[in-house]
Every structure is written in C-alpha cells, then in structure tokens.
$ cat final_26.cif   # mmCIF, C-alpha atoms, pLDDT in the B column; chains and numbers go by the auth columns
data_upload
loop_
_atom_site.group_PDB
_atom_site.id
_atom_site.type_symbol
_atom_site.label_atom_id
_atom_site.label_comp_id
_atom_site.label_asym_id
_atom_site.label_seq_id
_atom_site.Cartn_x
_atom_site.Cartn_y
_atom_site.Cartn_z
_atom_site.B_iso_or_equiv
_atom_site.auth_seq_id
_atom_site.auth_asym_id
ATOM 1 C CA MET A 1 38.300 3.605 -8.769 33.00 1 A
ATOM 2 C CA SER A 2 38.483 7.310 -9.149 34.00 2 A
ATOM 3 C CA ALA A 3 36.556 9.176 -11.814 35.00 3 A
ATOM 4 C CA THR A 4 39.774 9.326 -13.776 33.00 4 A
ATOM 5 C CA GLY A 5 40.000 5.544 -13.928 36.00 5 A
ATOM 6 C CA GLY A 6 42.825 5.076 -11.419 37.00 6 A
ATOM 7 C CA LYS A 7 42.374 2.972 -8.325 41.00 7 A
ATOM 8 C CA ASP A 8 41.280 4.904 -5.241 44.00 8 A
ATOM 9 C CA ALA A 9 43.429 3.854 -2.273 41.00 9 A
ATOM 10 C CA MET A 10 40.267 3.489 -0.166 46.00 10 A
ATOM 11 C CA GLU A 11 38.481 1.188 -2.613 53.00 11 A
ATOM 12 C CA PRO A 12 39.261 -2.380 -3.617 54.00 12 A
ATOM 13 C CA GLY A 13 38.300 -3.390 -7.127 57.00 13 A
ATOM 14 C CA PHE A 14 39.818 -3.327 -10.551 58.00 14 A
ATOM 15 C CA ALA A 15 40.557 -0.996 -13.411 66.00 15 A
ATOM 16 C CA ALA A 16 37.927 0.034 -15.941 65.00 16 A
ATOM 17 C CA SER A 17 39.998 -1.684 -18.621 70.00 17 A
ATOM 18 C CA GLU A 18 39.377 -5.001 -16.841 73.00 18 A
ATOM 19 C CA ILE A 19 35.595 -4.881 -17.351 79.00 19 A
ATOM 20 C CA ASP A 20 34.433 -7.573 -19.768 87.00 20 A
ATOM 21 C CA THR A 21 31.824 -5.902 -21.955 89.00 21 A
ATOM 22 C CA SER A 22 31.384 -9.015 -24.080 94.00 22 A
ATOM 23 C CA ARG A 23 29.412 -10.718 -21.301 95.00 23 A
ATOM 24 C CA PRO A 24 26.092 -9.390 -19.959 96.00 24 A
ATOM 25 C CA HIS A 25 26.026 -7.931 -16.475 93.00 25 A
ATOM 26 C CA PRO A 26 22.884 -7.553 -14.312 93.00 26 A
ATOM 27 C CA ALA A 27 23.488 -3.882 -13.442 91.00 27 A
ATOM 28 C CA ARG A 28 24.010 -2.918 -17.069 93.00 28 A
ATOM 29 C CA MET A 29 20.984 -5.009 -18.070 95.00 29 A
ATOM 30 C CA TYR A 30 18.876 -3.087 -15.517 94.00 30 A
ATOM 31 C CA ASP A 31 20.177 0.127 -17.068 93.00 31 A
ATOM 32 C CA ALA A 32 19.041 -1.192 -20.467 95.00 32 A
ATOM 33 C CA TYR A 33 15.580 -2.071 -19.116 96.00 33 A
ATOM 34 C CA LEU A 34 15.292 1.557 -18.023 94.00 34 A
ATOM 35 C CA GLY A 35 16.395 2.835 -21.421 92.00 35 A
ATOM 36 C CA GLY A 36 19.775 4.003 -20.127 90.00 36 A
ATOM 37 C CA LYS A 37 22.975 4.415 -22.113 90.00 37 A
ATOM 38 C CA ASP A 38 25.445 2.648 -19.814 88.00 38 A
ATOM 39 C CA ASN A 39 25.162 -0.825 -21.291 92.00 39 A
ATOM 40 C CA TYR A 40 26.733 -2.792 -24.108 94.00 40 A
ATOM 41 C CA ALA A 41 25.637 -5.026 -26.973 97.00 41 A
ATOM 42 C CA ALA A 42 25.951 -8.167 -24.827 97.00 42 A
ATOM 43 C CA ASP A 43 23.702 -6.603 -22.175 97.00 43 A
ATOM 44 C CA ARG A 44 21.103 -5.550 -24.745 98.00 44 A
ATOM 45 C CA GLU A 45 21.085 -9.013 -26.329 98.00 45 A
ATOM 46 C CA ALA A 46 20.573 -10.625 -22.916 98.00 46 A
ATOM 47 C CA VAL A 47 17.728 -8.158 -22.257 98.00 47 A
ATOM 48 C CA ARG A 48 16.093 -9.123 -25.564 98.00 48 A
ATOM 49 C CA GLN A 49 16.280 -12.793 -24.556 98.00 49 A
ATOM 50 C CA VAL A 50 14.803 -12.112 -21.119 98.00 50 A
ATOM 51 C CA LEU A 51 12.016 -9.991 -22.589 98.00 51 A
ATOM 52 C CA ARG A 52 11.101 -12.754 -25.052 98.00 52 A
ATOM 53 C CA ALA A 53 10.524 -15.094 -22.108 98.00 53 A
ATOM 54 C CA PHE A 54 9.260 -12.505 -19.592 98.00 54 A
ATOM 55 C CA PRO A 55 8.006 -9.377 -21.377 97.00 55 A
ATOM 56 C CA GLU A 56 6.841 -7.826 -18.104 98.00 56 A
ATOM 57 C CA VAL A 57 10.421 -7.407 -16.796 97.00 57 A
ATOM 58 C CA ARG A 58 10.906 -3.981 -18.427 97.00 58 A
ATOM 59 C CA ALA A 59 7.675 -2.692 -16.868 98.00 59 A
ATOM 60 C CA MET A 60 8.749 -4.112 -13.515 97.00 60 A
ATOM 61 C CA ALA A 61 12.102 -2.314 -13.688 96.00 61 A
ATOM 62 C CA ARG A 62 10.409 0.947 -14.624 95.00 62 A
ATOM 63 C CA ALA A 63 7.825 0.558 -11.839 97.00 63 A
ATOM 64 C CA ASN A 64 10.649 -0.052 -9.374 95.00 64 A
ATOM 65 C CA ARG A 65 12.414 3.114 -10.562 95.00 65 A
ATOM 66 C CA ALA A 66 9.177 5.137 -10.394 96.00 66 A
ATOM 67 C CA PHE A 67 8.598 3.985 -6.794 97.00 67 A
ATOM 68 C CA MET A 68 12.129 5.029 -5.808 96.00 68 A
ATOM 69 C CA GLN A 69 11.574 8.438 -7.376 97.00 69 A
ATOM 70 C CA ARG A 70 8.252 8.933 -5.542 98.00 70 A
ATOM 71 C CA ALA A 71 9.861 7.873 -2.268 98.00 71 A
ATOM 72 C CA VAL A 72 12.815 10.258 -2.695 98.00 72 A
ATOM 73 C CA ARG A 73 10.507 13.143 -3.687 98.00 73 A
ATOM 74 C CA PHE A 74 8.435 12.545 -0.556 98.00 74 A
ATOM 75 C CA LEU A 75 11.456 12.181 1.723 98.00 75 A
ATOM 76 C CA ALA A 76 13.256 15.246 0.346 98.00 76 A
ATOM 77 C CA GLY A 77 10.128 17.370 -0.006 97.00 77 A
ATOM 78 C CA GLU A 78 7.580 16.517 2.649 97.00 78 A
ATOM 79 C CA ALA A 79 9.810 14.846 5.235 98.00 79 A
ATOM 80 C CA GLY A 80 12.723 17.304 4.874 97.00 80 A
ATOM 81 C CA ILE A 81 15.421 14.644 4.478 98.00 81 A
ATOM 82 C CA ARG A 82 18.655 16.060 3.002 98.00 82 A
ATOM 83 C CA GLN A 83 21.001 13.088 3.271 98.00 83 A
ATOM 84 C CA PHE A 84 20.542 9.743 1.526 98.00 84 A
ATOM 85 C CA ILE A 85 22.445 6.464 1.463 97.00 85 A
ATOM 86 C CA ASP A 86 21.368 4.355 -1.512 96.00 86 A
ATOM 87 C CA ILE A 87 22.514 0.784 -0.855 96.00 87 A
ATOM 88 C CA GLY A 88 22.519 -1.552 -3.834 93.00 88 A
ATOM 89 C CA THR A 89 22.397 1.365 -6.219 90.00 89 A
ATOM 90 C CA GLY A 90 23.369 -0.303 -9.471 88.00 90 A
ATOM 91 C CA ILE A 91 24.600 1.943 -12.260 86.00 91 A
ATOM 92 C CA PRO A 92 23.245 5.474 -11.755 79.00 92 A
ATOM 93 C CA SER A 93 20.717 6.028 -14.540 80.00 93 A
ATOM 94 C CA ALA A 94 18.652 9.082 -15.363 77.00 94 A
ATOM 95 C CA GLY A 95 16.279 9.938 -12.541 88.00 95 A
ATOM 96 C CA ASN A 96 18.464 8.469 -9.827 91.00 96 A
ATOM 97 C CA VAL A 97 18.429 9.472 -6.153 95.00 97 A
ATOM 98 C CA HIS A 98 20.817 12.433 -6.377 93.00 98 A
ATOM 99 C CA GLU A 99 18.926 13.915 -9.340 93.00 99 A
ATOM 100 C CA ILE A 100 15.484 13.584 -7.767 96.00 100 A
ATOM 101 C CA ALA A 101 16.624 14.749 -4.322 96.00 101 A
ATOM 102 C CA GLY A 102 18.498 17.671 -5.896 94.00 102 A
ATOM 103 C CA GLN A 103 15.403 18.775 -7.827 95.00 103 A
ATOM 104 C CA VAL A 104 13.359 18.870 -4.629 96.00 104 A
ATOM 105 C CA ALA A 105 16.087 20.011 -2.237 97.00 105 A
ATOM 106 C CA PRO A 106 19.152 21.551 -3.877 95.00 106 A
ATOM 107 C CA GLY A 107 22.219 20.640 -1.860 93.00 107 A
ATOM 108 C CA ALA A 108 20.893 17.247 -0.796 97.00 108 A
ATOM 109 C CA ARG A 109 23.750 14.807 -0.277 97.00 109 A
ATOM 110 C CA VAL A 110 23.751 11.228 -1.563 96.00 110 A
ATOM 111 C CA VAL A 111 26.140 8.334 -1.067 96.00 111 A
ATOM 112 C CA TYR A 112 25.656 5.374 -3.370 95.00 112 A
ATOM 113 C CA VAL A 113 26.785 1.986 -2.080 96.00 113 A
ATOM 114 C CA ASP A 114 27.173 -1.206 -4.071 94.00 114 A
ATOM 115 C CA ASN A 115 29.258 -4.338 -3.634 93.00 115 A
ATOM 116 C CA ASP A 116 29.818 -4.830 -7.360 91.00 116 A
ATOM 117 C CA PRO A 117 33.155 -3.553 -8.699 89.00 117 A
ATOM 118 C CA ILE A 118 31.642 -3.076 -12.182 86.00 118 A
ATOM 119 C CA VAL A 119 28.941 -0.820 -10.741 89.00 119 A
ATOM 120 C CA HIS A 120 31.613 1.054 -8.817 90.00 120 A
ATOM 121 C CA VAL A 121 33.689 1.708 -11.941 87.00 121 A
ATOM 122 C CA HIS A 122 30.667 2.932 -13.930 83.00 122 A
ATOM 123 C CA ALA A 123 29.312 5.052 -11.091 87.00 123 A
ATOM 124 C CA SER A 124 32.702 6.622 -10.371 86.00 124 A
ATOM 125 C CA ALA A 125 32.898 7.777 -13.966 84.00 125 A
ATOM 126 C CA LEU A 126 29.313 9.101 -13.968 81.00 126 A
ATOM 127 C CA LEU A 127 29.199 10.816 -10.575 81.00 127 A
ATOM 128 C CA THR A 128 31.688 13.608 -10.950 70.00 128 A
ATOM 129 C CA GLY A 129 31.627 17.240 -10.085 66.00 129 A
ATOM 130 C CA SER A 130 29.011 18.260 -7.531 72.00 130 A
ATOM 131 C CA GLY A 131 30.719 17.238 -4.296 85.00 131 A
ATOM 132 C CA ALA A 132 27.284 16.269 -2.976 93.00 132 A
ATOM 133 C CA THR A 133 27.464 12.669 -4.215 94.00 133 A
ATOM 134 C CA ALA A 134 29.861 9.780 -3.730 94.00 134 A
ATOM 135 C CA ILE A 135 30.072 6.082 -4.571 93.00 135 A
ATOM 136 C CA VAL A 136 31.362 3.515 -2.092 95.00 136 A
ATOM 137 C CA LEU A 137 32.278 -0.090 -2.840 94.00 137 A
ATOM 138 C CA ALA A 138 30.875 -1.897 0.194 95.00 138 A
ATOM 139 C CA ASP A 139 28.418 -4.610 1.138 94.00 139 A
ATOM 140 C CA LEU A 140 24.970 -4.394 2.740 94.00 140 A
ATOM 141 C CA ARG A 141 25.997 -7.285 4.978 96.00 141 A
ATOM 142 C CA ASP A 142 28.580 -5.048 6.669 97.00 142 A
ATOM 143 C CA PRO A 143 26.700 -1.888 7.703 97.00 143 A
ATOM 144 C CA GLY A 144 29.473 -0.891 10.093 97.00 144 A
ATOM 145 C CA ALA A 145 31.954 -0.676 7.235 96.00 145 A
ATOM 146 C CA ILE A 146 29.489 1.405 5.215 97.00 146 A
ATOM 147 C CA LEU A 147 28.870 3.865 8.024 97.00 147 A
ATOM 148 C CA ALA A 148 32.591 4.097 8.880 97.00 148 A
ATOM 149 C CA HIS A 149 33.688 4.690 5.286 97.00 149 A
ATOM 150 C CA PRO A 150 35.383 8.108 4.910 97.00 150 A
ATOM 151 C CA LYS A 151 33.198 9.110 1.952 95.00 151 A
ATOM 152 C CA VAL A 152 30.033 8.322 3.931 97.00 152 A
ATOM 153 C CA ARG A 153 31.319 10.183 6.984 97.00 153 A
ATOM 154 C CA GLU A 154 32.178 13.185 4.804 96.00 154 A
ATOM 155 C CA LEU A 155 28.679 13.544 3.327 97.00 155 A
ATOM 156 C CA ILE A 156 26.348 11.965 5.880 97.00 156 A
ATOM 157 C CA ASP A 157 26.194 13.052 9.509 93.00 157 A
#
$ encode --input "final_26.cif" --output "structure tokens"
Amino acid sequence: MSATGGKDAMEPGFAASEIDTSRPHPARMYDAYLGGKDNYAADREAVRQVLRAFPEVRAMARANRAFMQRAVRFLAGEAGIRQFIDIGTGIPSAGNVHEIAGQVAPGARVVYVDNDPIVHVHASALLTGSGATAIVLADLRDPGAILAHPKVRELID
C-alpha cells in the first residue's frame, strides 16, 4: 500500500478499506499496551480482557519497547550505526526505531519489515515524508527477499 491508500505495485496486500476494525489484532493491541493511538475499540477491549488475566502484560510490552530504545540509542550513538532494518516491526508507535535513531543521529535510515498486511497498511500511512524510512511487506523466513527488496536496497547499503 502506498501512503495514499493505493496498492504499491511492489507490495502484495489489500486496501486499507479491507481492514476489519471490529476484530482485535495483535499489532494494534501491542500499540494499545504502549498507550498508542493506532488501535480500535475491539483492540482496547481485548487488551482489557488480557490485562484482567495477566496484568503484567502492559509492563512487559513497555519493557520490551524501552529495551529497543536503549539498543537503538547505543547503536546509533556509541557504535555509529546509521542504517537499521527493523524486522517484525508492528505498527510504528511513538519512540520507534526511526525516531530514536534520528534523535541520536539525524539522517539515520530505517527500513521496517513486517509480514502482516494490516501492519503494512498502518505503517505506510504513518511513515510519510522524510525519505529516510520505508516499510516493506516481507517475511523473516525469507531474508533474501528482504535484502533484495527495492526499498531496502534504496536505503540500506
């Protein structure tokens, strides 16, 4: 999908209008655990049910996000890394890789990869403008396809 909602010729998937927001989705639920805004009533209700049974899940999601942020700060700052491929990105929420890397190293380039068409639609709409980020619909189980993807080749050397 392109940021405008049309299908990108390079990406399989479906139109934003085909997303069923009446059923919870794991990526949107994770966004809700983090306090994000890219989730729907069905996701928030599912989160409430999960938290009733496992109240530690929200803290786990936030700890996971905090670790990612520390790792990116270290890699961009101390290790001098300027190019990132985030595989299994989920829906980009506040404090995601491109934001953290960009704070430490302006101009850092990030390609997000996920195999979920719903994540791809959301991310395409959210990641517009800078030219230093891209989203690719691909699968971790096919690293060759990820590395050969034109968007990856454009941003990552």
$ resolve_selection --input "final_26.cif" --expression "the PyMOL selection byres ((chain A and resi 97) around 9)" --output "list in words"
Met68, Gln69, Val72, Phe84, Asp86, Pro92, Gly95, Asn96, His98, Glu99, Ile100, Ala101, Gly102, Val110 and Tyr112 of chain A
$ residues_around --input "final_26.cif" --residues "A:Ser130" --least-positions-apart "4" --cutoff "10 Å" --atoms "all atoms listed in the file" --output "short mmCIF file (atom, residue, chain, number, x, y, z; two decimals) with C-alpha atoms, in the coordinates of the input"
data_model
loop_
_atom_site.label_atom_id
_atom_site.label_comp_id
_atom_site.auth_asym_id
_atom_site.auth_seq_id
_atom_site.Cartn_x
_atom_site.Cartn_y
_atom_site.Cartn_z
CA GLY A 107 22.22 20.64 -1.86
CA ARG A 109 23.75 14.81 -0.28
CA ALA A 134 29.86 9.78 -3.73
#
$ closest_residue --input "final_26.cif" --among "A:Leu51, A:Leu34, A:Ile85, A:Ala42" --to "A:Ala66" --atoms "all atoms listed in the file"
A:Leu34
$ closest_residue --input "final_26.cif" --among "A:Thr128, A:Asn115, A:Gln103, A:Asn39" --to "A:Gly88" --atoms "only C-alpha atoms"
A:Asn115
$ closest_residue --input "final_26.cif" --among "A:Ser124, A:Leu155, A:Asp116, A:Ser93" --to "A:Ala138" --atoms "only C-alpha atoms"
A:Asp116
$ residues_around --input "final_26.cif" --residues "A:Asp157" --least-positions-apart "4" --cutoff "9 Å" --atoms "only C-alpha atoms" --output "PyMOL selection string"
chain A and resi 83+152-153
$ atom_distance --input "final_26.cif" --atom1 "atom CA of A:Gly90" --atom2 "atom CA of A:Arg52"
23.4 Å
$ closest_residue --input "final_26.cif" --among "A:Ile135, A:Val119, A:Ala76, A:Met60" --to "A:His25" --atoms "only C-alpha atoms"
A:Val119
$ resolve_selection --input "final_26.cif" --expression "the PyMOL selection byres ((chain A and resi 26) around 10)" --output "number ranges by chain"
A: 24-25, 27-32, 39, 43, 46-47, 90-91, 119
$ closest_residue --input "final_26.cif" --among "A:Ile87, A:Ala59, A:Val121, A:Ile81" --to "A:Ser17" --atoms "all atoms listed in the file"
A:Val121
$ atom_distance --input "final_26.cif" --atom1 "atom CA of A:Phe74" --atom2 "atom CA of A:Ala145"
28.1 Å
$ atom_distance --input "final_26.cif" --atom1 "atom CA of A:Asp142" --atom2 "atom CA of A:Leu127"
23.4 Å
$ closest_residue --input "final_26.cif" --among "A:Arg141, A:Tyr33, A:Ser22, A:Lys151" --to "A:Asn64" --atoms "all atoms listed in the file"
A:Tyr33
$ axis_aligned_box --input "final_26.cif" --around "stretch 46-56 of chain A" --padding-each-side "3 Å" --output "AutoDock Vina command-line options"
--center_x 13.7 --center_y -11.5 --center_z -21.8 --size_x 19.7 --size_y 13.3 --size_z 13.5
